[in-house]
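Peer 1: First the structure, then my questions, so here it is.
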Amino acid sequence: LKAKGQQLKGTQQLRKRKIRTTPRFKRPETYRPPRAPKYARRSLPRRNALDAFKIMQYPLTTESSMKKIEEQNTLVFIVDKRASKPLIKDAVKKLYDIQASKVNTLIRPDGLKKAYVKLSAEHDALDVANKIGII
Amino acid sequence: HVAMVNKRESAKKLRAKTKSELEKQLTDLKQELSTLRVAKVTGGAASKLAQIRLVRKSIARVHTVTHQQQKEHLRRFHKNAKQLPKDLRAKKTRALRRALTPREAGATSAKQQRKARAFPMRRFAVKA
């Protein structure tokens, strides 16, 4: 009888019920191949909209910012609102060739972002300001 | 019709340039714009302030030409592809893109074809 049963079912072995030791059931991991698209969805990657030139909008030339230049070796810029401190640091390095020791930012009540860029000791803010044209 | 101080290059001249030349032109223009913006803040001459608009539009022109060139190259590159990238496909409208193709719309069953052949639309005329 068993032989006939096996004949009907074919040569597949009967499997024992798996013993489950926990009430949890976790979906077994399946094979997930890496993406291999047949066509690119976008023909061109998006160009970086927030480049150094877009980030640094203009320097501030107010009395308090002049004070900062002279006394605390910092330059004050209006930057793009979406710029983060590391981005501002890189932008300043790219545009003006200066190393910023730290950057403080705030968003002004009129919606613009102000960045206080403290220069490292090797740079003089006054010289850099002269070079940029702030005077 | 006032002639501006620095006349910008026309798009025609930009199209003759190579990609790297255009990139360089772009950074130069952006540099110029940043100095003009500084001049605006430190009370620059009126001529400088008027330049700002020119430079902004020149930057836009370079971007446009660059983008058009790139797109053209990509279309040539994908010319024989079975499936194009989505931005190279016809835009039309969402509904039109999902509509039946003319071939699909005009498809008739064999039965319909037989009927049409057997019973065409007759045309009659009254003899004068």
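Just so we're on the same page: first chain in the structure tokens is A, next is B, and so on; residues restart at 1 for each chain, and ligands are numbered from 1 in the order they show up.
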With a distance cut-off of 10 Å and only C-alpha atoms, select the neighbouring residues of B:Ala11, excluding the residue or stretch itself and same-chain residues fewer than 3 positions from it, and output the selection as a PyMOL selection string.

Peer 2: chain B and resi 8+14-16+58+61-62+64-65

Peer 1: Sorted by chain and rising residue number, list the residues of chain B at most 9 Å from chain A (counting only C-alpha atoms), each with its closest atom pair and distance in Å to one decimal, as CSV.

Peer 2:
```
residue,atom,partner,partner_atom,distance
B:Thr27,CA,A:Phe53,CA,8.8
B:Lys30,CA,A:Phe53,CA,6.6
B:Gln31,CA,A:Phe53,CA,7.6
B:Leu33,CA,A:Phe53,CA,8.9
B:Ser34,CA,A:Tyr58,CA,7.1
B:Thr35,CA,A:Ile132,CA,7.6
B:Arg37,CA,A:Tyr58,CA,6.1
B:Val38,CA,A:Tyr58,CA,5.7
B:Ala39,CA,A:Gly133,CA,7.6
B:Lys40,CA,A:Tyr58,CA,8.9
B:Val41,CA,A:Thr61,CA,7.0
B:Thr42,CA,A:Ile134,CA,6.6
B:Gln70,CA,A:Leu44,CA,8.2
B:Lys71,CA,A:Leu44,CA,8.0
B:Leu74,CA,A:Ser43,CA,7.0
B:Arg75,CA,A:Ser43,CA,8.9
B:Ala81,CA,A:Tyr39,CA,8.7
B:Lys82,CA,A:Tyr39,CA,8.8
B:Gln83,CA,A:Tyr39,CA,6.2
B:Leu84,CA,A:Tyr39,CA,6.5
B:Pro85,CA,A:Arg41,CA,4.9
B:Lys86,CA,A:Arg41,CA,5.4
B:Asp87,CA,A:Arg42,CA,6.0
B:Leu88,CA,A:Ser43,CA,7.2
```

Peer 1: Could you go through chain A and tell me which residues DSSP, when run on the backbone, assigns to strand (DSSP E), listing them as a list in words?

Peer 2: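 Filtering chain A down to strand (DSSP E) leaves Met56, Gln57, Tyr58, Pro59, Thr74, Leu75, Val76, Phe77, Ile78, Val79, Ala100, Ser101, Lys102, Val103, Asn104, Thr105, Leu106, Ile107, Lys113, Lys114, Ala115, Tyr116, Val117, Lys118 and Leu119 of chain A.
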
Peer 1: Print the selection's residues with N, CA and C atoms to a file, as a PDB file, in the first residue's frame.

Peer 2:
```pdb
ATOM      1  N   MET A  56      26.788  80.534  -1.138  1.00  0.00           N
ATOM      2  CA  MET A  56      27.233  81.839  -0.652  1.00  0.00           C
ATOM      3  C   MET A  56      26.594  82.908  -1.496  1.00  0.00           C
ATOM      4  N   GLN A  57      25.667  83.629  -0.924  1.00  0.00           N
ATOM      5  CA  GLN A  57      24.974  84.629  -1.716  1.00  0.00           C
ATOM      6  C   GLN A  57      25.733  85.945  -1.706  1.00  0.00           C
ATOM      7  N   TYR A  58      25.911  86.536  -0.533  1.00  0.00           N
ATOM      8  CA  TYR A  58      26.716  87.759  -0.467  1.00  0.00           C
ATOM      9  C   TYR A  58      27.182  87.963   0.963  1.00  0.00           C
ATOM     10  N   PRO A  59      28.292  88.683   1.135  1.00  0.00           N
ATOM     11  CA  PRO A  59      28.755  88.964   2.489  1.00  0.00           C
ATOM     12  C   PRO A  59      27.984  90.144   3.077  1.00  0.00           C
ATOM     13  N   THR A  74      36.161  86.634  11.978  1.00  0.00           N
ATOM     14  CA  THR A  74      35.077  85.917  11.298  1.00  0.00           C
ATOM     15  C   THR A  74      34.504  86.780  10.193  1.00  0.00           C
ATOM     16  N   LEU A  75      34.046  86.085   9.155  1.00  0.00           N
ATOM     17  CA  LEU A  75      33.321  86.755   8.085  1.00  0.00           C
ATOM     18  C   LEU A  75      31.852  86.399   8.210  1.00  0.00           C
ATOM     19  N   VAL A  76      31.018  87.342   7.820  1.00  0.00           N
ATOM     20  CA  VAL A  76      29.578  87.110   7.926  1.00  0.00           C
ATOM     21  C   VAL A  76      28.983  87.111   6.534  1.00  0.00           C
ATOM     22  N   PHE A  77      28.258  86.042   6.226  1.00  0.00           N
ATOM     23  CA  PHE A  77      27.654  85.910   4.901  1.00  0.00           C
ATOM     24  C   PHE A  77      26.165  85.654   5.028  1.00  0.00           C
ATOM     25  N   ILE A  78      25.467  86.072   3.975  1.00  0.00           N
ATOM     26  CA  ILE A  78      24.115  85.567   3.789  1.00  0.00           C
ATOM     27  C   ILE A  78      24.261  84.344   2.899  1.00  0.00           C
ATOM     28  N   VAL A  79      23.708  83.231   3.381  1.00  0.00           N
ATOM     29  CA  VAL A  79      23.837  81.988   2.620  1.00  0.00           C
ATOM     30  C   VAL A  79      22.448  81.485   2.266  1.00  0.00           C
ATOM     31  N   ALA A 100      37.827  77.420   7.281  1.00  0.00           N
ATOM     32  CA  ALA A 100      36.977  77.895   8.369  1.00  0.00           C
ATOM     33  C   ALA A 100      37.180  76.997   9.575  1.00  0.00           C
ATOM     34  N   SER A 101      37.409  77.607  10.734  1.00  0.00           N
ATOM     35  CA  SER A 101      37.553  76.775  11.928  1.00  0.00           C
ATOM     36  C   SER A 101      36.182  76.389  12.453  1.00  0.00           C
ATOM     37  N   LYS A 102      35.216  77.309  12.378  1.00  0.00           N
ATOM     38  CA  LYS A 102      33.840  76.896  12.681  1.00  0.00           C
ATOM     39  C   LYS A 102      32.845  77.815  12.013  1.00  0.00           C
ATOM     40  N   VAL A 103      31.626  77.310  11.882  1.00  0.00           N
ATOM     41  CA  VAL A 103      30.556  78.067  11.237  1.00  0.00           C
ATOM     42  C   VAL A 103      29.362  78.087  12.170  1.00  0.00           C
ATOM     43  N   ASN A 104      28.837  79.270  12.422  1.00  0.00           N
ATOM     44  CA  ASN A 104      27.577  79.388  13.163  1.00  0.00           C
ATOM     45  C   ASN A 104      26.530  79.949  12.214  1.00  0.00           C
ATOM     46  N   THR A 105      25.347  79.433  12.307  1.00  0.00           N
ATOM     47  CA  THR A 105      24.302  79.936  11.425  1.00  0.00           C
ATOM     48  C   THR A 105      23.081  80.331  12.222  1.00  0.00           C
ATOM     49  N   LEU A 106      22.327  81.209  11.626  1.00  0.00           N
ATOM     50  CA  LEU A 106      21.015  81.535  12.179  1.00  0.00           C
ATOM     51  C   LEU A 106      20.133  81.948  11.021  1.00  0.00           C
ATOM     52  N   ILE A 107      18.839  81.857  11.234  1.00  0.00           N
ATOM     53  CA  ILE A 107      17.905  82.298  10.189  1.00  0.00           C
ATOM     54  C   ILE A 107      17.292  83.605  10.649  1.00  0.00           C
ATOM     55  N   LYS A 113      19.329  83.168   5.659  1.00  0.00           N
ATOM     56  CA  LYS A 113      20.219  82.507   6.603  1.00  0.00           C
ATOM     57  C   LYS A 113      21.527  83.285   6.683  1.00  0.00           C
ATOM     58  N   LYS A 114      21.935  83.564   7.890  1.00  0.00           N
ATOM     59  CA  LYS A 114      23.205  84.268   8.104  1.00  0.00           C
ATOM     60  C   LYS A 114      24.209  83.273   8.646  1.00  0.00           C
ATOM     61  N   ALA A 115      25.407  83.306   8.097  1.00  0.00           N
ATOM     62  CA  ALA A 115      26.459  82.395   8.540  1.00  0.00           C
ATOM     63  C   ALA A 115      27.633  83.194   9.036  1.00  0.00           C
ATOM     64  N   TYR A 116      28.035  82.912  10.281  1.00  0.00           N
ATOM     65  CA  TYR A 116      29.264  83.486  10.824  1.00  0.00           C
ATOM     66  C   TYR A 116      30.362  82.463  10.606  1.00  0.00           C
ATOM     67  N   VAL A 117      31.294  82.825   9.726  1.00  0.00           N
ATOM     68  CA  VAL A 117      32.348  81.875   9.382  1.00  0.00           C
ATOM     69  C   VAL A 117      33.618  82.307  10.093  1.00  0.00           C
ATOM     70  N   LYS A 118      33.978  81.550  11.131  1.00  0.00           N
ATOM     71  CA  LYS A 118      35.214  81.886  11.860  1.00  0.00           C
ATOM     72  C   LYS A 118      36.379  81.259  11.125  1.00  0.00           C
ATOM     73  N   LEU A 119      37.355  82.070  10.784  1.00  0.00           N
ATOM     74  CA  LEU A 119      38.492  81.565  10.028  1.00  0.00           C
ATOM     75  C   LEU A 119      39.530  80.984  10.974  1.00  0.00           C
TER      76      LEU A 119
END
```

Peer 1: For the atom pair atom CA of A:Ala91 and atom CA of A:Lys68, what is the interatomic distance in Å to one decimal place?

Peer 2: 19.9 Å

Peer 1: Based on the backbone DSSP call, show me all residues of stretch 9-44 of chain B assigned helix (DSSP H, G or I), as a VMD selection string.

Peer 2: chain B and resid 11 to 15 19 to 41

Peer 1: For the residues in the current selection, export N, CA and C atoms as a CSV table (one decimal), in the first residue's frame.

Peer 2:
```
chain,number,residue,atom,x,y,z
B,11,ALA,N,23.5,82.9,-27.9
B,11,ALA,CA,23.4,81.5,-27.8
B,11,ALA,C,24.0,80.8,-29.0
B,12,LYS,N,24.0,81.5,-30.1
B,12,LYS,CA,24.5,80.9,-31.3
B,12,LYS,C,26.0,80.6,-31.1
B,13,LYS,N,26.7,81.6,-30.5
B,13,LYS,CA,28.2,81.4,-30.3
B,13,LYS,C,28.4,80.4,-29.2
B,14,LEU,N,27.5,80.3,-28.3
B,14,LEU,CA,27.6,79.3,-27.2
B,14,LEU,C,27.5,77.9,-27.8
B,15,ARG,N,26.6,77.7,-28.7
B,15,ARG,CA,26.4,76.4,-29.2
B,15,ARG,C,27.6,75.8,-30.0
B,19,LYS,N,31.8,71.1,-24.5
B,19,LYS,CA,31.2,71.0,-23.2
B,19,LYS,C,32.1,71.6,-22.1
B,20,SER,N,33.5,71.3,-22.2
B,20,SER,CA,34.4,71.9,-21.2
B,20,SER,C,34.5,73.4,-21.2
B,21,GLU,N,34.4,73.9,-22.5
B,21,GLU,CA,34.5,75.3,-22.6
B,21,GLU,C,33.2,76.0,-22.0
B,22,LEU,N,32.1,75.3,-22.2
B,22,LEU,CA,30.9,75.9,-21.6
B,22,LEU,C,30.9,75.8,-20.1
B,23,GLU,N,31.5,74.7,-19.5
B,23,GLU,CA,31.6,74.6,-18.1
B,23,GLU,C,32.5,75.7,-17.5
B,24,LYS,N,33.6,76.0,-18.2
B,24,LYS,CA,34.5,77.0,-17.8
B,24,LYS,C,33.8,78.4,-17.9
B,25,GLN,N,33.1,78.6,-19.0
B,25,GLN,CA,32.3,79.9,-19.1
B,25,GLN,C,31.3,80.0,-18.0
B,26,LEU,N,30.7,78.9,-17.6
B,26,LEU,CA,29.7,79.0,-16.5
B,26,LEU,C,30.3,79.4,-15.2
B,27,THR,N,31.5,78.8,-14.8
B,27,THR,CA,32.1,79.2,-13.6
B,27,THR,C,32.6,80.6,-13.6
B,28,ASP,N,33.1,81.0,-14.8
B,28,ASP,CA,33.5,82.4,-14.9
B,28,ASP,C,32.3,83.4,-14.7
B,29,LEU,N,31.2,83.1,-15.3
B,29,LEU,CA,30.0,83.9,-15.2
B,29,LEU,C,29.6,83.9,-13.7
B,30,LYS,N,29.6,82.8,-13.1
B,30,LYS,CA,29.2,82.7,-11.7
B,30,LYS,C,30.1,83.5,-10.8
B,31,GLN,N,31.4,83.4,-11.1
B,31,GLN,CA,32.3,84.3,-10.3
B,31,GLN,C,32.0,85.7,-10.5
B,32,GLU,N,31.7,86.1,-11.7
B,32,GLU,CA,31.4,87.5,-12.0
B,32,GLU,C,30.2,87.9,-11.2
B,33,LEU,N,29.2,87.0,-11.2
B,33,LEU,CA,27.9,87.3,-10.5
B,33,LEU,C,28.2,87.5,-9.0
B,34,SER,N,29.1,86.7,-8.4
B,34,SER,CA,29.3,86.8,-7.0
B,34,SER,C,30.0,88.2,-6.7
B,35,THR,N,30.9,88.6,-7.5
B,35,THR,CA,31.5,89.9,-7.3
B,35,THR,C,30.5,91.0,-7.5
B,36,LEU,N,29.6,90.9,-8.4
B,36,LEU,CA,28.6,91.9,-8.6
B,36,LEU,C,27.7,92.0,-7.4
B,37,ARG,N,27.4,90.8,-6.8
B,37,ARG,CA,26.5,90.8,-5.7
B,37,ARG,C,27.2,91.5,-4.5
B,38,VAL,N,28.5,91.3,-4.4
B,38,VAL,CA,29.3,92.0,-3.3
B,38,VAL,C,29.2,93.5,-3.6
B,39,ALA,N,29.3,93.9,-4.9
B,39,ALA,CA,29.3,95.3,-5.2
B,39,ALA,C,27.9,95.9,-4.8
B,40,LYS,N,26.9,95.1,-5.0
B,40,LYS,CA,25.5,95.5,-4.7
B,40,LYS,C,25.4,95.9,-3.2
B,41,VAL,N,26.1,95.0,-2.4
B,41,VAL,CA,26.0,95.2,-0.9
B,41,VAL,C,26.8,96.4,-0.5
```

Peer 1: To one decimal in Å, tell me the separation between atom CA of B:Val55 and atom CA of A:Ile55.

Peer 2: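 Computing it gives 17.5 Å between the two atoms.
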
Peer 1: So the first atom is atom CA of A:His123 and the second is atom CA of A:Asp51; what is the distance between them in Å, to one decimal place?

Peer 2: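 Pair atom CA of A:His123 / atom CA of A:Asp51 returns 23.6 Å.
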